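S.K.: Take a look at the following structure, please.
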Amino acid sequence: MRNEFTEPEIKKSILTMFDVRTKIVFLFCLAMMGIFLEHWQALIVGYIFVWMMVIVSRVSLSKVKALLILNILTIWGIMWVQALFYDAYPKTPLFYLLPPRMVDPSTWIIGGLWEGIAFYYEGFRHGITQSLRMITPMTFGLLVFWTEDPVNILTGLNKMKLPYPIAFMIMTCLRFIPITFSEVKVTINSQRLRKYKPFDMKGVIFLYGIYNAIIRTMVPLLANCIRKSCNMAVSADSRGFTTSGERTSLRNLQMKFSDFAVIFIMTMMLGAVIGLKGVMFLSEAGIYHDGDLMPVYWFVGKYL
Amino acid sequence: MLSIRGLSYRYHSRHEHAIKNIDIDIEKGEFVIVTGVSGCGKSTLLKCLNGIIPQEASGEMQGKVEICGLDTAESPINVLAQNVGLVFQNPDEQIFSTRVLDEVAFGLENLCFSKDKIIQRVDWALEKVGMLDYIDSSTSALSGGQKQRVALASVLALRPDVLVLDEPLSQLDPEGAIEVLGVIKKLSDEGMTIILVEHRLHEVTSWADRIIIMDKGDVVMDCPVAEVYSHLKLFKELGLRMPEKDINYDIAAIRKQPQIEQTEQTEHNHNRVVEIRDVHFSYGKKKRKMENWVLKGVNLDISSGEMVSIIGNNGSGKSTLLHHIAGLHKPKKGKVRIADTDTKRTSAFKLSGIVSILFQNPELMLTCPTVYDEIAFGPRNMRLKAQHIEDIVNDGLQSLELSELYDCHPQAISGGQRLRCATASIAAMRPDVLLLDEPTSGQDIKNVEKLMEYCQRLSREGMTVIYITHDHEIAVKYSDRVICMENGNIVDDINLKNHSLNIETHQEAI
């Protein structure tokens with residue numbers, strides 16, 4: 001079975017002009033900025049930029065649709081979860097599921113619900129921030145995977161000093177994703193065709209249905225994986241694969257001026273963000289404060 | 001070239017030796033077939049040839065294996081890799097890269113060849129197997145035969161002196177098998193030593209110079225192919241495939257027989273359980289992709305209690321047709337009716353119990369903790385009475401010789417036993433139609449015969465059995481009808497009822 005979501009599309013676009021290492025550095029910088037930036041306004045700039053890359057990369061419409069659905073579900077889910085479980089102050093309730101003071105604070109176990117259960121405005125904002133932190137590098141990572149030959153990714157990771165056995169394992173995993181998908185489908189179909197219905201009301205409520213369904217799917221998959229891995233190990237051994245020692249590479253990766261320029265800009269931006277956040281931290285912690293830096297404090301506090 | 005002296009090997013967790021005191025000498029350029037029933041020690045012997053045993057295994061080895069003067073116990077595996085190339089049964093388990101070029105270059109990169117040398121060797125190896133035009137193709141876009149040829153090229157690129165192939169034909173249709181055998185024969189003629197492990201002796205014997213038979217870890221026969229016909233009794237005793245094609249079961253010859261009729265499709269067949277009318281199918285979802293029809297107007301009627309085999313090359317639409325009968329695919333044009341139910345109007349899961357299917361990879365179907373539970377799985381889900389379930393399961397266990405394994409984990413038994421267990425588990429639902437997708441691939445003839453005899457019994461009891469196979473002899477021997485598919489359509493529908501009677505009469509006369 002060929003699964004188009006697990007196979008790259010190598011089409012000429014702005015993204016294919018860059019070396020795979022540039023994309024990996026870019027991805028790393030995006031992930032790091034996601035950690036340091038706290039305001040959704042700053043994060044959304046990065047997110048929009050990544051989506052512009054998706055549009056110019058010429059990946060197929062079905063992949064764009066899949067990415068869009070993944071993004072929306074992630075943002076939507078995290079926003080609502082954070083809005084419900086937001087536990088910092090101040091918090092502004094938007095609407096209540098359980099009104100305040102319905103439960104007496106002294107009640108055993110559920111006394112903590114005396115404030116009521118509500119969806120909070122600050123929780124929604126926090127949810128947007130958290131989801132953007134997660135989906136920006138995830139979207140770009142998928143884009144790299146969809147527009148780059150896995151062997152180039154392997155060579156790039158190897159050139160970036162990732163040990164070859166680890167890079168090899170990553171590449172083999174990528175190659176086996178579509179095969180695993182089709183195996184899951186066969187296992188589930190074979191169960192359903194024998195009238196197996198684990199998700200009846202009782203099975204779902206008492207969780208045993210879900211547990212049984214997972215075990216019944218995982219056992220044949222893992223057993224098959226182990227058999228396959230043993231055969232693959234013998235096959236790799238017999239073609240001179242070793243976990244230590246030198247090897248040559250057929251593919252040569254060449255960094256161009258544009259690659260260096262992108263890496264320079266991204267690392268500078270990341271450095272600037274870390275530096276500015278550091279200055280702000282020193283001020284807030286009372287370690288170092290300079291009045292001349294007030295515009296910087298204002299900018300970092302409001303936008304970063 | 002290759003010398004094995006007093007070779008014995010015992011696996012770490014086993015009491016008995018997998019191979020015992022083997023002595024074999026093979027000359028440069030010889031084409032040797034090694035055969036024997038499953039578990040006779042063939043695979044262990046192969047692993048000894050390139051040093052995986054003893055260097056990567058923890059068992060106990062005695063004796064000596066020398067290849068081109070190198071002791072396999074002492075020379076590093078990556079050095080031996082340049083002398084002995086190993087090609088395995090399943091190409092999907094030996095292809096690591098996503099592109100043909102990278103796959104063939106993999107071994108050369110591991111052995112630190114220069115870029116120029118790699119390119120030169122890759123081109124040479126791909127040309128040898130006739131795959132040079134696919135150098136930039138994605139490996140997942142190749143057919144089974146093409147994948148096996150790429151796997152062969154990736155080993156050939158190392159230019160080994162000895163090429164060892166472990167059942168390389170088991171996944172291939174006859175056309176693909178001839179392609180691969182042609183390449184191997186050419187290499188042998190050019191001076192490469194070939195060791196081929198295979199069950200399909202009737203297809204490969206004529207290509208080889210010598211045949212070695214193993215049984216319970218011993219070599220029980222080692223003779224030139226020309227002398228093999230004086231040892232046919234041994235083949236029969238060991239339950240091996242006969243090394244020559246049986247003209248009684250040759251499809252091409254049967255087609256020419258005047259008494260063999262094409263099955264007629266009539267509208268008024270009251271016994272009909274499968275009705276397929278003008279079925280077109282494409283895997284594309286969009287209208288513009290509909291031109292790539294996998295099925296192109298298939299018409300077929302199958303009656304209750306018939307045993308039908310479907311043959312044809314890879315990609316001819318056999319599995320797609322079988323999935324239509326199971327209701328897993330719905331026709332884009334035309335209709336499929338199973339036991340008077342239109343598959344378009346119901347789901348495959350509602351048809352379960354009426355139709356059961358054995359997928360190509362039966363181990364993925366085994367989900368229960370014991371063989372007994374596995375066979376009882378379907379009947380229990382159908383909420384049959386406990387006594388009835390016990391009767392059905394015991395029947396399955398006995399008929400398919402699984403009784404001793406009833407409390408074993410189905411994933412821990414041998415490949416042939418797993419296949420039989422999966423078949424018993426779907427047949428236990430006593431469906432009207434039993435579908436088997438390539439149950440003969442990679443199995444020795446004993447396993448295949450056990451399975452086919454069980455299916456024949458079910459068919460006599462009124463169950464319709466439809467199976468796909470690349471093994472034409474099995475198709476003729478165990479079917480009432482053979483359906484030949486080509487390029488998405490049925491090109492032949494041979495009624496064999498007369499033929500079976502002919503063979504029986506002929507054999508009685510003998």
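Starting from 1 in every chain, residues are counted up; chains themselves are A, B, ... following the order of the structure tokens, and ligands are numbered from 1 as listed.
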So that I can check the surroundings of Asn189 in chain A, please list as a list in words every protein, DNA and RNA residue that reaches within 12 Å of it, counting only C-alpha atoms and ignoring chain neighbours fewer than 5 positions away.
M.R.: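 The neighbour list is Ser182, Glu183, Val184, Arg194, Lys195, Tyr196, Lys197, Arg216 and Thr217 of chain A; His323, Ala326, Gly327, Leu328, Ser347, Ala348, Phe349, Ser352, Ser356, Ile357, Leu358, Phe359, Leu364, Met365, Leu366 and Thr367 of chain B.
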S.K.: Residues of range 315-451 of chain B in strand (DSSP E or B) according to DSSP, as a PyMOL selection string?
M.R.: chain B and resi 333-338+341-342+352+355-358+433-437
S.K.: Tell me as a PyMOL selection string which residues belonging to chain B come within 6 Å of chain A, counting only C-alpha atoms.
M.R.: chain B and resi 78+81+93-94+96+107+109-110+112+115+349+352+364-365+367+378+381
S.K.: Residues near Gln417 in chain B, anyone? I mean within 12 Å using only C-alpha atoms, not counting same-chain ones fewer than 4 positions away, as a PyMOL selection string.
M.R.: chain B and resi 38+362-363+366+371+397+400-406+408-413+421-424+439+443-444+446-448+450-451
S.K.: Select, from B:His199, B:Lys47, B:Arg277, B:Lys64, the residue with the minimum atom-to-atom distance to Leu86 in chain B, counting only C-alpha atoms.
M.R.: B:Lys47
S.K.: Counting only C-alpha atoms, figure out which residue out of B:Gln82, B:Thr98, B:Thr343, B:Thr35 gets nearest to Leu240 in chain B.
M.R.: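 Smallest distance to Leu240 in chain B is found for B:Thr35.
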S.K.: Would you list, as a VMD selection string, the residues of range 87-272 of chain A that end up in alpha helix (DSSP H) under DSSP run on this structure's backbone?
M.R.: chain A and resid 121 to 147 150 to 159 164 to 192 201 to 205 208 to 237 257 to 272
S.K.: Keeping only C-alpha atoms, write those residues as an mmCIF file, in the first residue's frame.
M.R.:
data_model
loop_
_atom_site.group_PDB
_atom_site.id
_atom_site.type_symbol
_atom_site.label_atom_id
_atom_site.label_comp_id
_atom_site.auth_asym_id
_atom_site.auth_seq_id
_atom_site.Cartn_x
_atom_site.Cartn_y
_atom_site.Cartn_z
ATOM 1 C CA TYR A 121 -10.518 33.770 29.102
ATOM 2 C CA GLU A 122 -6.877 33.656 30.255
ATOM 3 C CA GLY A 123 -6.925 29.872 29.722
ATOM 4 C CA PHE A 124 -7.944 30.362 26.096
ATOM 5 C CA ARG A 125 -5.063 32.804 25.567
ATOM 6 C CA HIS A 126 -2.656 30.454 27.272
ATOM 7 C CA GLY A 127 -4.009 27.631 25.109
ATOM 8 C CA ILE A 128 -3.313 29.607 21.929
ATOM 9 C CA THR A 129 0.263 30.226 23.091
ATOM 10 C CA GLN A 130 0.857 26.600 23.986
ATOM 11 C CA SER A 131 -0.647 25.251 20.786
ATOM 12 C CA LEU A 132 1.349 27.688 18.605
ATOM 13 C CA ARG A 133 4.524 26.608 20.397
ATOM 14 C CA MET A 134 3.710 23.058 19.472
ATOM 15 C CA ILE A 135 2.324 23.310 15.953
ATOM 16 C CA THR A 136 4.817 25.765 14.441
ATOM 17 C CA PRO A 137 7.832 23.412 14.586
ATOM 18 C CA MET A 138 5.542 20.410 13.968
ATOM 19 C CA THR A 139 4.194 21.973 10.748
ATOM 20 C CA PHE A 140 7.657 22.927 9.538
ATOM 21 C CA GLY A 141 9.032 19.493 10.476
ATOM 22 C CA LEU A 142 6.345 17.771 8.414
ATOM 23 C CA LEU A 143 7.033 20.177 5.560
ATOM 24 C CA VAL A 144 10.731 19.251 5.604
ATOM 25 C CA PHE A 145 9.839 15.559 5.639
ATOM 26 C CA TRP A 146 7.402 16.020 2.754
ATOM 27 C CA THR A 147 9.770 18.009 0.545
ATOM 28 C CA PRO A 150 14.857 10.827 3.365
ATOM 29 C CA VAL A 151 18.355 9.859 2.230
ATOM 30 C CA ASN A 152 19.272 13.553 2.157
ATOM 31 C CA ILE A 153 17.863 13.912 5.674
ATOM 32 C CA LEU A 154 20.013 10.944 6.726
ATOM 33 C CA THR A 155 23.113 12.416 5.076
ATOM 34 C CA GLY A 156 22.377 15.845 6.564
ATOM 35 C CA LEU A 157 21.951 14.455 10.084
ATOM 36 C CA ASN A 158 25.114 12.444 9.613
ATOM 37 C CA LYS A 159 27.051 15.530 8.494
ATOM 38 C CA TYR A 164 25.323 7.024 11.618
ATOM 39 C CA PRO A 165 23.552 4.111 13.388
ATOM 40 C CA ILE A 166 21.019 6.545 14.884
ATOM 41 C CA ALA A 167 20.531 8.344 11.570
ATOM 42 C CA PHE A 168 20.144 4.928 9.876
ATOM 43 C CA MET A 169 17.505 3.896 12.395
ATOM 44 C CA ILE A 170 15.586 7.124 11.751
ATOM 45 C CA MET A 171 15.674 6.538 8.007
ATOM 46 C CA THR A 172 14.570 2.910 8.346
ATOM 47 C CA CYS A 173 11.682 4.021 10.570
ATOM 48 C CA LEU A 174 10.601 6.528 7.933
ATOM 49 C CA ARG A 175 10.696 3.845 5.252
ATOM 50 C CA PHE A 176 8.556 1.505 7.358
ATOM 51 C CA ILE A 177 5.814 4.010 8.234
ATOM 52 C CA PRO A 178 3.624 3.158 5.197
ATOM 53 C CA ILE A 179 4.140 -0.583 5.712
ATOM 54 C CA THR A 180 3.147 -0.282 9.386
ATOM 55 C CA PHE A 181 0.036 1.687 8.406
ATOM 56 C CA SER A 182 -1.082 -1.080 6.072
ATOM 57 C CA GLU A 183 -0.341 -3.727 8.719
ATOM 58 C CA VAL A 184 -2.480 -1.916 11.298
ATOM 59 C CA LYS A 185 -5.271 -1.828 8.727
ATOM 60 C CA VAL A 186 -4.988 -5.587 8.084
ATOM 61 C CA THR A 187 -5.010 -6.408 11.810
ATOM 62 C CA ILE A 188 -8.020 -4.233 12.576
ATOM 63 C CA ASN A 189 -9.907 -5.446 9.507
ATOM 64 C CA SER A 190 -9.214 -9.090 10.368
ATOM 65 C CA GLN A 191 -10.658 -8.536 13.849
ATOM 66 C CA ARG A 192 -13.720 -6.696 12.624
ATOM 67 C CA MET A 201 -20.931 0.852 25.656
ATOM 68 C CA LYS A 202 -19.808 -1.397 28.524
ATOM 69 C CA GLY A 203 -16.325 -1.931 27.097
ATOM 70 C CA VAL A 204 -15.732 1.784 26.693
ATOM 71 C CA ILE A 205 -17.149 2.777 30.101
ATOM 72 C CA TYR A 208 -11.595 -3.104 29.188
ATOM 73 C CA GLY A 209 -12.823 -2.818 25.583
ATOM 74 C CA ILE A 210 -10.215 -0.159 24.829
ATOM 75 C CA TYR A 211 -7.503 -2.179 26.636
ATOM 76 C CA ASN A 212 -8.371 -5.371 24.759
ATOM 77 C CA ALA A 213 -8.499 -3.590 21.399
ATOM 78 C CA ILE A 214 -5.036 -2.086 21.971
ATOM 79 C CA ILE A 215 -3.495 -5.381 23.115
ATOM 80 C CA ARG A 216 -5.086 -7.353 20.289
ATOM 81 C CA THR A 217 -3.703 -4.884 17.744
ATOM 82 C CA MET A 218 -0.275 -4.404 19.291
ATOM 83 C CA VAL A 219 0.627 -8.086 19.812
ATOM 84 C CA PRO A 220 0.594 -9.162 16.135
ATOM 85 C CA LEU A 221 2.157 -5.868 15.046
ATOM 86 C CA LEU A 222 5.028 -6.135 17.514
ATOM 87 C CA ALA A 223 5.578 -9.837 16.821
ATOM 88 C CA ASN A 224 5.751 -9.077 13.112
ATOM 89 C CA CYS A 225 8.066 -6.121 13.783
ATOM 90 C CA ILE A 226 10.468 -8.326 15.747
ATOM 91 C CA ARG A 227 10.535 -10.950 12.988
ATOM 92 C CA LYS A 228 11.124 -8.285 10.375
ATOM 93 C CA SER A 229 13.824 -6.565 12.443
ATOM 94 C CA CYS A 230 15.747 -9.844 12.812
ATOM 95 C CA ASN A 231 15.670 -10.393 9.050
ATOM 96 C CA MET A 232 16.665 -6.796 8.403
ATOM 97 C CA ALA A 233 19.553 -7.018 10.847
ATOM 98 C CA VAL A 234 20.899 -10.098 9.049
ATOM 99 C CA SER A 235 20.412 -8.387 5.696
ATOM 100 C CA ALA A 236 22.245 -5.220 6.856
ATOM 101 C CA ASP A 237 25.054 -7.311 8.400
ATOM 102 C CA PHE A 257 25.566 31.371 0.139
ATOM 103 C CA SER A 258 21.794 31.454 0.601
ATOM 104 C CA ASP A 259 22.057 28.586 3.113
ATOM 105 C CA PHE A 260 24.650 30.407 5.157
ATOM 106 C CA ALA A 261 22.551 33.596 4.984
ATOM 107 C CA VAL A 262 19.428 31.823 6.291
ATOM 108 C CA ILE A 263 21.359 30.072 9.048
ATOM 109 C CA PHE A 264 22.982 33.386 10.028
ATOM 110 C CA ILE A 265 19.651 35.254 10.140
ATOM 111 C CA MET A 266 17.902 32.506 12.101
ATOM 112 C CA THR A 267 20.681 32.094 14.658
ATOM 113 C CA MET A 268 20.901 35.869 15.053
ATOM 114 C CA MET A 269 17.153 36.050 15.627
ATOM 115 C CA LEU A 270 17.285 33.230 18.135
ATOM 116 C CA GLY A 271 20.269 34.846 19.845
ATOM 117 C CA ALA A 272 18.400 38.173 19.984
#
S.K.: Between CA of Lys302 in chain A and CA of Tyr89 in chain A, what is the spacing in Å?
M.R.: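 Between CA of Tyr89 in chain A and CA of Lys302 in chain A the gap works out to 18.5 Å.
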S.K.: One decimal, in Å: what's the spacing between CA of Lys11 in chain A and CA of Arg58 in chain A?
M.R.: 6.9 Å
S.K.: What does the distance between CA of Lys28 in chain B and CA of Ile184 in chain B come to in Å, to one decimal place?
M.R.: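 Between CA of Lys28 in chain B and CA of Ile184 in chain B the gap works out to 14.4 Å.
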S.K.: Within 10 Å of range 205-220 of chain B, counting only C-alpha atoms, which residues show up once you throw out same-chain ones fewer than 3 positions away? Write them as a PyMOL selection string, please.
M.R.: chain B and resi 8-9+16-24+26+29-42+44-45+181-182+184-185+188+194-198+200-202+223-228+234-235+238+240+242-245
S.K.: Can you pull out the residues contacting Ala118 in chain A? Cut-off 9 Å, using only C-alpha atoms, and skip same-chain residues under 3 positions away; I want them as a ChimeraX atom specification.
M.R.: /A:83-85,93-100,115
S.K.: Those residues with N, CA and C atoms, as an mmCIF file, in the first residue's frame please?
M.R.:
data_model
loop_
_atom_site.group_PDB
_atom_site.id
_atom_site.type_symbol
_atom_site.label_atom_id
_atom_site.label_comp_id
_atom_site.auth_asym_id
_atom_site.auth_seq_id
_atom_site.Cartn_x
_atom_site.Cartn_y
_atom_site.Cartn_z
ATOM 1 N N ALA A 83 -8.403 26.301 28.719
ATOM 2 C CA ALA A 83 -9.461 27.191 29.231
ATOM 3 C C ALA A 83 -10.174 26.537 30.420
ATOM 4 N N LEU A 84 -10.314 25.230 30.384
ATOM 5 C CA LEU A 84 -11.018 24.522 31.447
ATOM 6 C C LEU A 84 -10.143 24.317 32.680
ATOM 7 N N PHE A 85 -8.889 23.993 32.448
ATOM 8 C CA PHE A 85 -8.017 23.647 33.582
ATOM 9 C C PHE A 85 -7.093 24.787 34.001
ATOM 10 N N PRO A 93 -13.799 34.107 34.335
ATOM 11 C CA PRO A 93 -14.663 33.052 33.784
ATOM 12 C C PRO A 93 -15.528 33.577 32.640
ATOM 13 N N LEU A 94 -15.580 32.806 31.556
ATOM 14 C CA LEU A 94 -16.441 33.200 30.428
ATOM 15 C C LEU A 94 -17.823 32.572 30.606
ATOM 16 N N PHE A 95 -17.851 31.308 30.971
ATOM 17 C CA PHE A 95 -19.123 30.675 31.340
ATOM 18 C C PHE A 95 -18.844 29.473 32.240
ATOM 19 N N TYR A 96 -19.856 29.158 33.045
ATOM 20 C CA TYR A 96 -19.676 28.104 34.054
ATOM 21 C C TYR A 96 -20.337 26.795 33.639
ATOM 22 N N LEU A 97 -19.645 25.692 33.909
ATOM 23 C CA LEU A 97 -20.273 24.369 33.782
ATOM 24 C C LEU A 97 -20.910 23.999 35.128
ATOM 25 N N LEU A 98 -20.171 24.393 36.196
ATOM 26 C CA LEU A 98 -20.685 24.181 37.557
ATOM 27 C C LEU A 98 -20.558 25.531 38.270
ATOM 28 N N PRO A 99 -21.655 26.140 38.663
ATOM 29 C CA PRO A 99 -21.583 27.473 39.270
ATOM 30 C C PRO A 99 -20.771 27.464 40.568
ATOM 31 N N PRO A 100 -20.187 28.619 40.972
ATOM 32 C CA PRO A 100 -19.406 28.679 42.211
ATOM 33 C C PRO A 100 -20.297 28.448 43.434
ATOM 34 N N GLU A 115 -15.014 26.762 43.803
ATOM 35 C CA GLU A 115 -14.947 27.920 42.885
ATOM 36 C C GLU A 115 -15.818 27.697 41.651
#
S.K.: Extract, using only C-alpha atoms, all DNA, RNA and protein residues at most 8 Å from Gly334 in chain B, discarding same-chain residues fewer than 4 positions from it, and format them as a list in words.
M.R.: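 In the requested format, the answer is Ile276, Arg277, Asp278, Val279, His280 and Gly297 of chain B.
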S.K.: Grab the residues selected above and save them as a PDB file, in the first residue's frame with C-alpha atoms.
M.R.:
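Generated file (again-v1.pdb):
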ATOM      1  CA  ILE B 276     -20.002 -10.174 -10.246  1.00  0.00           C
ATOM      2  CA  ARG B 277     -21.276  -8.060 -13.120  1.00  0.00           C
ATOM      3  CA  ASP B 278     -19.202  -5.643 -15.202  1.00  0.00           C
ATOM      4  CA  VAL B 279     -17.108  -4.579 -12.233  1.00  0.00           C
ATOM      5  CA  HIS B 280     -14.726  -1.684 -12.756  1.00  0.00           C
ATOM      6  CA  GLY B 297     -15.420  -5.000 -16.479  1.00  0.00           C
TER       7      GLY B 297
END
S.K.: Considering only C-alpha atoms, can you say which of B:Leu46, B:Val308, B:Val274, B:Leu436 comes closest to Asp166 in chain B?
M.R.: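 The shortest atom-to-atom distance to Asp166 in chain B comes from B:Leu46.
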S.K.: Calculated over only C-alpha atoms, which of the candidates A:Met280, A:Leu253, A:Gly77, A:Leu304 has the smallest distance to Thr22 in chain A?
M.R.: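 Selected residue with least distance to Thr22 in chain A: A:Leu253.
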S.K.: Nearest residue to Ile426 in chain B out of B:Glu374, B:Glu438, B:Asp480, B:Asp493, using only C-alpha atoms?
M.R.: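 Once distances to Ile426 in chain B are computed over only C-alpha atoms, the minimum belongs to B:Glu374.
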